[in-house]
>>> print(open('work-v1.pdb').read())   # PDB, C-alpha atoms and all ligand atoms
ATOM      1  CA  MET A 922     141.482 -54.954 -48.275
ATOM      2  CA  GLU A 923     145.228 -54.567 -47.636
ATOM      3  CA  GLY A 924     144.683 -52.143 -44.761
ATOM      4  CA  LEU A 925     142.058 -54.399 -43.271
ATOM      5  CA  ARG A 926     144.430 -57.323 -43.428
ATOM      6  CA  ASP A 927     147.103 -55.352 -41.569
ATOM      7  CA  LEU A 928     144.607 -54.384 -38.922
ATOM      8  CA  TYR A 929     143.579 -58.012 -38.484
ATOM      9  CA  GLN A 930     147.196 -59.086 -38.217
ATOM     10  CA  GLU A 931     147.701 -56.471 -35.532
ATOM     11  CA  VAL A 932     144.734 -57.750 -33.541
ATOM     12  CA  ILE A 933     146.103 -61.308 -33.600
ATOM     13  CA  LEU A 934     149.614 -60.215 -32.618
ATOM     14  CA  ASP A 935     148.235 -58.114 -29.785
ATOM     15  CA  HIS A 936     146.184 -60.975 -28.337
ATOM     16  CA  ASN A 937     149.147 -63.322 -28.632
ATOM     17  CA  LYS A 938     151.399 -60.901 -26.800
ATOM     18  CA  ASN A 939     148.851 -59.881 -24.182
ATOM     19  CA  PRO A 940     146.351 -62.719 -23.914
ATOM     20  CA  ARG A 941     143.103 -61.729 -22.178
ATOM     21  CA  ASN A 942     141.519 -63.843 -19.445
ATOM     22  CA  TYR A 943     144.751 -65.814 -19.247
ATOM     23  CA  HIS A 944     144.442 -67.426 -15.847
ATOM     24  CA  LYS A 945     142.931 -70.296 -13.978
ATOM     25  CA  LEU A 946     139.291 -69.975 -13.013
ATOM     26  CA  GLU A 947     138.810 -71.310  -9.497
ATOM     27  CA  ARG A 948     135.010 -71.321  -9.671
ATOM     28  CA  ALA A 949     134.811 -72.978 -13.078
ATOM     29  CA  SER A 950     131.780 -75.169 -13.753
ATOM     30  CA  HIS A 951     133.451 -76.651 -16.841
ATOM     31  CA  ILE A 952     137.129 -77.438 -17.439
ATOM     32  CA  VAL A 953     138.354 -79.011 -20.662
ATOM     33  CA  GLU A 954     141.816 -79.515 -22.106
ATOM     34  CA  GLY A 955     142.532 -79.083 -25.791
ATOM     35  CA  ARG A 956     145.550 -80.463 -27.585
ATOM     36  CA  ASN A 957     146.850 -80.038 -31.108
ATOM     37  CA  PRO A 958     149.818 -82.423 -31.282
ATOM     38  CA  LEU A 959     150.686 -81.391 -34.838
ATOM     39  CA  CYS A 960     151.673 -77.923 -33.685
ATOM     40  CA  GLY A 961     152.217 -78.459 -29.960
ATOM     41  CA  ASP A 962     149.303 -76.273 -28.883
ATOM     42  CA  HIS A 963     147.947 -77.203 -25.476
ATOM     43  CA  TYR A 964     145.360 -75.252 -23.515
ATOM     44  CA  THR A 965     142.969 -75.644 -20.639
ATOM     45  CA  ILE A 966     139.675 -73.807 -21.053
ATOM     46  CA  TYR A 967     137.712 -72.789 -17.968
ATOM     47  CA  LEU A 968     134.060 -71.822 -18.096
ATOM     48  CA  LEU A 969     131.674 -70.635 -15.453
ATOM     49  CA  VAL A 970     128.182 -71.224 -16.789
ATOM     50  CA  GLU A 971     125.311 -69.944 -14.696
ATOM     51  CA  GLN A 972     121.666 -69.605 -15.683
ATOM     52  CA  ASP A 973     122.535 -70.633 -19.226
ATOM     53  CA  LYS A 974     125.087 -67.832 -19.558
ATOM     54  CA  VAL A 975     128.846 -67.850 -19.939
ATOM     55  CA  LYS A 976     129.547 -65.749 -16.849
ATOM     56  CA  GLU A 977     133.293 -66.264 -16.916
ATOM     57  CA  ILE A 978     135.699 -67.779 -19.373
ATOM     58  CA  ALA A 979     139.450 -68.098 -19.002
ATOM     59  CA  PHE A 980     142.307 -70.204 -20.284
ATOM     60  CA  GLU A 981     145.862 -71.299 -19.609
ATOM     61  CA  GLY A 982     148.451 -73.087 -21.662
ATOM     62  CA  SER A 983     150.845 -72.562 -24.492
ATOM     63  CA  GLY A 984     151.113 -72.814 -28.245
ATOM     64  CA  CYS A 985     151.611 -70.837 -31.412
ATOM     65  CA  ALA A 986     150.470 -67.245 -31.924
ATOM     66  CA  ILE A 987     147.337 -68.231 -33.844
ATOM     67  CA  SER A 988     146.138 -70.687 -31.205
ATOM     68  CA  LYS A 989     146.807 -68.332 -28.316
ATOM     69  CA  ALA A 990     145.244 -65.299 -29.983
ATOM     70  CA  SER A 991     142.233 -67.391 -30.916
ATOM     71  CA  ALA A 992     141.724 -68.602 -27.332
ATOM     72  CA  SER A 993     142.171 -65.060 -26.040
ATOM     73  CA  MET A 994     139.704 -63.535 -28.494
ATOM     74  CA  MET A 995     137.238 -66.347 -27.901
ATOM     75  CA  SER A 996     137.321 -65.529 -24.194
ATOM     76  CA  THR A 997     136.589 -61.835 -24.758
ATOM     77  CA  GLU A 998     133.858 -62.483 -27.337
ATOM     78  CA  LEU A 999     131.986 -65.193 -25.434
ATOM     79  CA  LYS A1000     132.001 -63.681 -21.961
ATOM     80  CA  GLY A1001     128.441 -62.712 -21.094
ATOM     81  CA  LYS A1002     126.897 -64.598 -24.013
ATOM     82  CA  THR A1003     124.228 -67.244 -23.572
ATOM     83  CA  VAL A1004     125.207 -70.855 -24.193
ATOM     84  CA  ALA A1005     123.155 -70.838 -27.404
ATOM     85  CA  GLU A1006     124.907 -67.673 -28.611
ATOM     86  CA  ALA A1007     128.321 -69.127 -27.814
ATOM     87  CA  ARG A1008     127.495 -72.246 -29.827
ATOM     88  CA  HIS A1009     126.215 -70.125 -32.692
ATOM     89  CA  ILE A1010     129.390 -68.029 -32.831
ATOM     90  CA  PHE A1011     131.478 -71.199 -32.745
ATOM     91  CA  LYS A1012     129.544 -72.541 -35.718
ATOM     92  CA  ILE A1013     130.078 -69.406 -37.801
ATOM     93  CA  PHE A1014     133.703 -69.049 -36.748
ATOM     94  CA  HIS A1015     134.357 -72.666 -37.695
ATOM     95  CA  LYS A1016     132.725 -72.269 -41.108
ATOM     96  CA  VAL A1017     134.714 -69.135 -41.903
ATOM     97  CA  VAL A1018     138.066 -70.402 -40.634
ATOM     98  CA  THR A1019     137.755 -73.687 -42.518
ATOM     99  CA  GLY A1020     136.778 -71.796 -45.656
ATOM    100  CA  GLU A1021     133.366 -73.436 -45.816
ATOM    101  CA  ALA A1022     131.740 -69.995 -45.760
ATOM    102  CA  ASP A1023     132.823 -66.546 -46.887
ATOM    103  CA  VAL A1024     133.457 -64.090 -44.052
ATOM    104  CA  MET A1025     131.627 -61.134 -45.606
ATOM    105  CA  PRO A1026     128.041 -61.987 -44.516
ATOM    106  CA  TYR A1027     129.276 -62.629 -40.982
ATOM    107  CA  LEU A1028     131.492 -59.596 -40.375
ATOM    108  CA  GLU A1029     129.068 -58.050 -37.918
ATOM    109  CA  GLU A1030     128.404 -61.215 -35.934
ATOM    110  CA  LEU A1031     132.067 -62.161 -35.745
ATOM    111  CA  GLY A1032     133.423 -58.726 -34.884
ATOM    112  CA  LYS A1033     137.146 -58.958 -34.252
ATOM    113  CA  LEU A1034     137.035 -62.718 -34.753
ATOM    114  CA  ALA A1035     136.847 -61.983 -38.469
ATOM    115  CA  ALA A1036     140.599 -61.476 -38.158
ATOM    116  CA  PHE A1037     140.949 -65.242 -38.434
ATOM    117  CA  ALA A1038     139.247 -65.495 -41.830
ATOM    118  CA  GLY A1039     142.663 -65.478 -43.518
ATOM    119  CA  VAL A1040     143.520 -68.737 -41.761
ATOM    120  CA  ALA A1041     141.327 -70.545 -44.300
ATOM    121  CA  GLU A1042     144.191 -70.096 -46.768
ATOM    122  CA  PHE A1043     146.506 -72.102 -44.505
ATOM    123  CA  PRO A1044     144.915 -75.513 -43.831
ATOM    124  CA  VAL A1045     147.630 -76.479 -41.335
ATOM    125  CA  ARG A1046     146.700 -73.463 -39.213
ATOM    126  CA  VAL A1047     142.982 -74.244 -39.102
ATOM    127  CA  LYS A1048     143.510 -76.664 -36.215
ATOM    128  CA  CYS A1049     145.439 -74.010 -34.308
ATOM    129  CA  ALA A1050     142.684 -71.442 -34.791
ATOM    130  CA  THR A1051     139.849 -73.763 -33.791
ATOM    131  CA  LEU A1052     141.467 -75.741 -30.943
ATOM    132  CA  ALA A1053     140.233 -73.615 -28.030
ATOM    133  CA  TRP A1054     136.800 -73.401 -29.651
ATOM    134  CA  HIS A1055     136.444 -77.153 -29.974
ATOM    135  CA  ALA A1056     137.420 -77.504 -26.317
ATOM    136  CA  MET A1057     134.921 -74.809 -25.287
ATOM    137  CA  ASN A1058     132.135 -76.384 -27.348
ATOM    138  CA  SER A1059     132.852 -79.826 -25.950
ATOM    139  CA  ALA A1060     132.730 -78.397 -22.421
ATOM    140  CA  LEU A1061     129.342 -76.806 -23.107
ATOM    141  CA  GLU A1062     128.109 -80.181 -24.287
ATOM    142  CA  GLY A1063     128.989 -81.513 -20.852
ATOM    143  CA  ASN A1064     132.153 -83.408 -21.783
ATOM    144  CA  SER A1065     135.210 -83.272 -19.566
ATOM    145  CA  GLN A1066     137.458 -85.519 -21.657
ATOM    146  CA  PRO A1067     140.438 -83.802 -23.293
ATOM    147  CA  VAL A1068     139.832 -82.690 -26.865
ATOM    148  CA  THR A1069     142.448 -83.438 -29.462
ATOM    149  CA  THR A1070     142.688 -82.432 -33.103
ATOM    150  CA  GLU A1071     144.129 -85.864 -33.909
ATOM    151  CA  SER A1072     142.046 -88.817 -32.867
TER
HETATM  152 ZN    ZN A1101     149.416 -73.962 -33.499
END
>>> encode(input="work-v1.pdb", output="structure tokens")
Amino acid sequence: MEGLRDLYQEVILDHNKNPRNYHKLERASHIVEGRNPLCGDHYTIYLLVEQDKVKEIAFEGSGCAISKASASMMSTELKGKTVAEARHIFKIFHKVVTGEADVMPYLEELGKLAAFAGVAEFPVRVKCATLAWHAMNSALEGNSQPVTTES
């Protein structure tokens, strides 16, 4: 498990350093802001949803390593997925990161996102890890209001 943990750490550091899909999306059909005032994380999530599929997903903003890596990995994992699949992955990811569910049964479905399972041990970090996801999910539900972890 030690080696696996190191690998996961590496994945998170890599995505923080070189965030994927880190740009504005001009053709976005959905744009939602997410804020986590406790940590200072602030992102804008852009989605292009066409024919019930997440055709494009991108983000901009700033925050801690966990929040940025999470937004980056979310963008790579959800691109090309159907809206229903994206919602499903969000649900599992949320359960695992909050510690509500064990990661083991979901390793395959989560893929690299399983790297965030360790966050469950750090309750303060849960909001960082789920911020971009909450914003994405809210956008898919048709909301355009900013999402905040403190309301
Ligand atoms: Zn944070």
>>> residues_around(input="work-v1.pdb", residues="stretch 1041-1053 of chain A", least_positions_apart="5", cutoff="6 Å", atoms="all atoms listed in the file", output="PyMOL selection string")
chain A and resi 987-988+991-992+1018-1020
>>> resolve_selection(input="work-v1.pdb", expression="the PyMOL selection byres (((chain A and resi 958) around 10) and not hetatm)", output="ChimeraX atom specification")
/A:955-957,959-963,1048-1049,1069-1071
>>> residues_around(input="work-v1.pdb", residues="A:Gly982", least_positions_apart="4", cutoff="9 Å", atoms="only C-alpha atoms", output="list in words")
Tyr943, Asp962, His963, Tyr964, Thr965, Ile966 and Lys989 of chain A
>>> closest_residue(input="work-v1.pdb", among="A:Val953, A:Ala979, A:Ala1022, A:Ala1035", to="A:Asn1058", atoms="all atoms listed in the file")
A:Val953
>>> closest_residue(input="work-v1.pdb", among="A:Glu971, A:Glu954, A:Glu1029, A:Glu931", to="A:Ile1013", atoms="all atoms listed in the file")
A:Glu1029
>>> closest_residue(input="work-v1.pdb", among="A:Arg926, A:Cys985, A:His1055, A:Lys1012", to="ligand ZN 1101 (chain A)", atoms="all atoms listed in the file")
A:Cys985
>>> residues_around(input="work-v1.pdb", residues="A:His944", least_positions_apart="3", cutoff="12 Å", atoms="all atoms listed in the file", output="VMD selection string")
chain A and resid 940 to 941 947 to 949 964 to 968 977 to 983 992 to 993 996
>>> atom_distance(input="work-v1.pdb", atom1="atom CA of A:Val932", atom2="atom CA of A:His951")
27.6 Å
>>> resolve_selection(input="work-v1.pdb", expression="the PyMOL selection byres (((chain A and resi 1000) around 10) and not hetatm)", output="list of chain:residue names")
A:Asn942, A:Leu968, A:Leu969, A:Val970, A:Lys974, A:Val975, A:Lys976, A:Glu977, A:Ile978, A:Ala979, A:Met995, A:Ser996, A:Thr997, A:Glu998, A:Leu999, A:Gly1001, A:Lys1002, A:Thr1003, A:Ala1007
>>> closest_residue(input="work-v1.pdb", among="A:Val1017, A:Val1040, A:Leu1031, A:Met1025", to="ligand ZN 1101 (chain A)", atoms="all atoms listed in the file")
A:Val1040
>>> atom_distance(input="work-v1.pdb", atom1="atom CA of A:Asp935", atom2="atom CA of A:Ala986")
9.6 Å
>>> closest_residue(input="work-v1.pdb", among="A:Pro1067, A:Pro1026, A:Leu1061, A:Lys938", to="A:Ser950", atoms="only C-alpha atoms")
A:Leu1061
>>> residues_around(input="work-v1.pdb", residues="A:Glu1062", least_positions_apart="6", cutoff="10 Å", atoms="all atoms listed in the file", output="VMD selection string")
chain A and resid 951 1004 1008 1056
>>> closest_residue(input="work-v1.pdb", among="A:Gln972, A:Asn937, A:Gln930, A:Ser1072", to="ligand ZN 1101 (chain A)", atoms="all atoms listed in the file")
A:Asn937
>>> decode(input="work-v1.pdb", residues="stretch 1039-1062 of chain A", atoms="N, CA, C and O atoms", output="compact mmCIF listing (two decimals), in the first residue's frame")
# COMPACT_ATOMS: atom_id res chain seq x y z
N GLY A 1039 -7.17 9.21 -0.04
CA GLY A 1039 -6.48 9.56 1.20
C GLY A 1039 -6.97 10.86 1.82
O GLY A 1039 -6.74 11.12 3.00
N VAL A 1040 -7.64 11.68 1.02
CA VAL A 1040 -8.14 12.96 1.50
C VAL A 1040 -9.15 12.76 2.63
O VAL A 1040 -9.30 13.62 3.51
N ALA A 1041 -9.83 11.61 2.61
CA ALA A 1041 -10.84 11.32 3.63
C ALA A 1041 -10.26 11.43 5.05
O ALA A 1041 -10.99 11.68 6.00
N GLU A 1042 -8.95 11.24 5.16
CA GLU A 1042 -8.30 11.32 6.47
C GLU A 1042 -8.08 12.77 6.91
O GLU A 1042 -7.68 13.02 8.04
N PHE A 1043 -8.30 13.70 6.00
CA PHE A 1043 -8.07 15.12 6.31
C PHE A 1043 -9.33 15.93 6.01
O PHE A 1043 -9.45 16.51 4.93
N PRO A 1044 -10.27 15.96 6.97
CA PRO A 1044 -11.58 16.58 6.72
C PRO A 1044 -11.50 18.00 6.15
O PRO A 1044 -12.33 18.38 5.32
N VAL A 1045 -10.48 18.76 6.55
CA VAL A 1045 -10.36 20.13 6.05
C VAL A 1045 -10.12 20.15 4.54
O VAL A 1045 -10.51 21.08 3.85
N ARG A 1046 -9.48 19.09 4.05
CA ARG A 1046 -9.12 19.02 2.63
C ARG A 1046 -10.26 18.51 1.74
O ARG A 1046 -10.18 18.59 0.52
N VAL A 1047 -11.30 17.96 2.37
CA VAL A 1047 -12.39 17.39 1.58
C VAL A 1047 -13.03 18.46 0.70
O VAL A 1047 -13.34 18.23 -0.47
N LYS A 1048 -13.18 19.66 1.24
CA LYS A 1048 -13.79 20.75 0.47
C LYS A 1048 -12.92 21.16 -0.71
O LYS A 1048 -13.41 21.56 -1.75
N CYS A 1049 -11.61 21.08 -0.51
CA CYS A 1049 -10.68 21.38 -1.61
C CYS A 1049 -10.83 20.36 -2.73
O CYS A 1049 -10.89 20.71 -3.90
N ALA A 1050 -10.91 19.09 -2.34
CA ALA A 1050 -10.95 18.01 -3.32
C ALA A 1050 -12.27 17.94 -4.07
O ALA A 1050 -12.32 17.45 -5.20
N THR A 1051 -13.34 18.43 -3.46
CA THR A 1051 -14.65 18.29 -4.10
C THR A 1051 -15.17 19.59 -4.73
O THR A 1051 -16.20 19.58 -5.39
N LEU A 1052 -14.46 20.69 -4.53
CA LEU A 1052 -14.95 22.00 -4.99
C LEU A 1052 -15.30 22.02 -6.49
O LEU A 1052 -16.42 22.36 -6.87
N ALA A 1053 -14.35 21.65 -7.33
CA ALA A 1053 -14.57 21.69 -8.77
C ALA A 1053 -15.72 20.76 -9.17
O ALA A 1053 -16.50 21.05 -10.08
N TRP A 1054 -15.82 19.65 -8.45
CA TRP A 1054 -16.87 18.66 -8.74
C TRP A 1054 -18.26 19.21 -8.42
O TRP A 1054 -19.21 18.98 -9.17
N HIS A 1055 -18.36 19.88 -7.28
CA HIS A 1055 -19.65 20.47 -6.92
C HIS A 1055 -20.05 21.51 -7.97
O HIS A 1055 -21.22 21.59 -8.35
N ALA A 1056 -19.08 22.29 -8.42
CA ALA A 1056 -19.36 23.31 -9.44
C ALA A 1056 -19.81 22.64 -10.74
O ALA A 1056 -20.79 23.05 -11.36
N MET A 1057 -19.10 21.60 -11.14
CA MET A 1057 -19.43 20.86 -12.36
C MET A 1057 -20.83 20.28 -12.26
O MET A 1057 -21.66 20.41 -13.17
N ASN A 1058 -21.14 19.66 -11.13
CA ASN A 1058 -22.44 19.01 -10.94
C ASN A 1058 -23.56 20.04 -10.96
O ASN A 1058 -24.62 19.81 -11.55
N SER A 1059 -23.32 21.17 -10.33
CA SER A 1059 -24.31 22.24 -10.30
C SER A 1059 -24.55 22.75 -11.72
O SER A 1059 -25.69 23.03 -12.11
N ALA A 1060 -23.49 22.87 -12.50
CA ALA A 1060 -23.62 23.32 -13.89
C ALA A 1060 -24.47 22.34 -14.69
O ALA A 1060 -25.34 22.74 -15.46
N LEU A 1061 -24.23 21.05 -14.49
CA LEU A 1061 -25.00 20.04 -15.22
C LEU A 1061 -26.47 20.07 -14.83
O LEU A 1061 -27.34 19.68 -15.60
N GLU A 1062 -26.74 20.53 -13.62
CA GLU A 1062 -28.13 20.64 -13.17
C GLU A 1062 -28.78 21.91 -13.71
O GLU A 1062 -29.94 22.18 -13.43
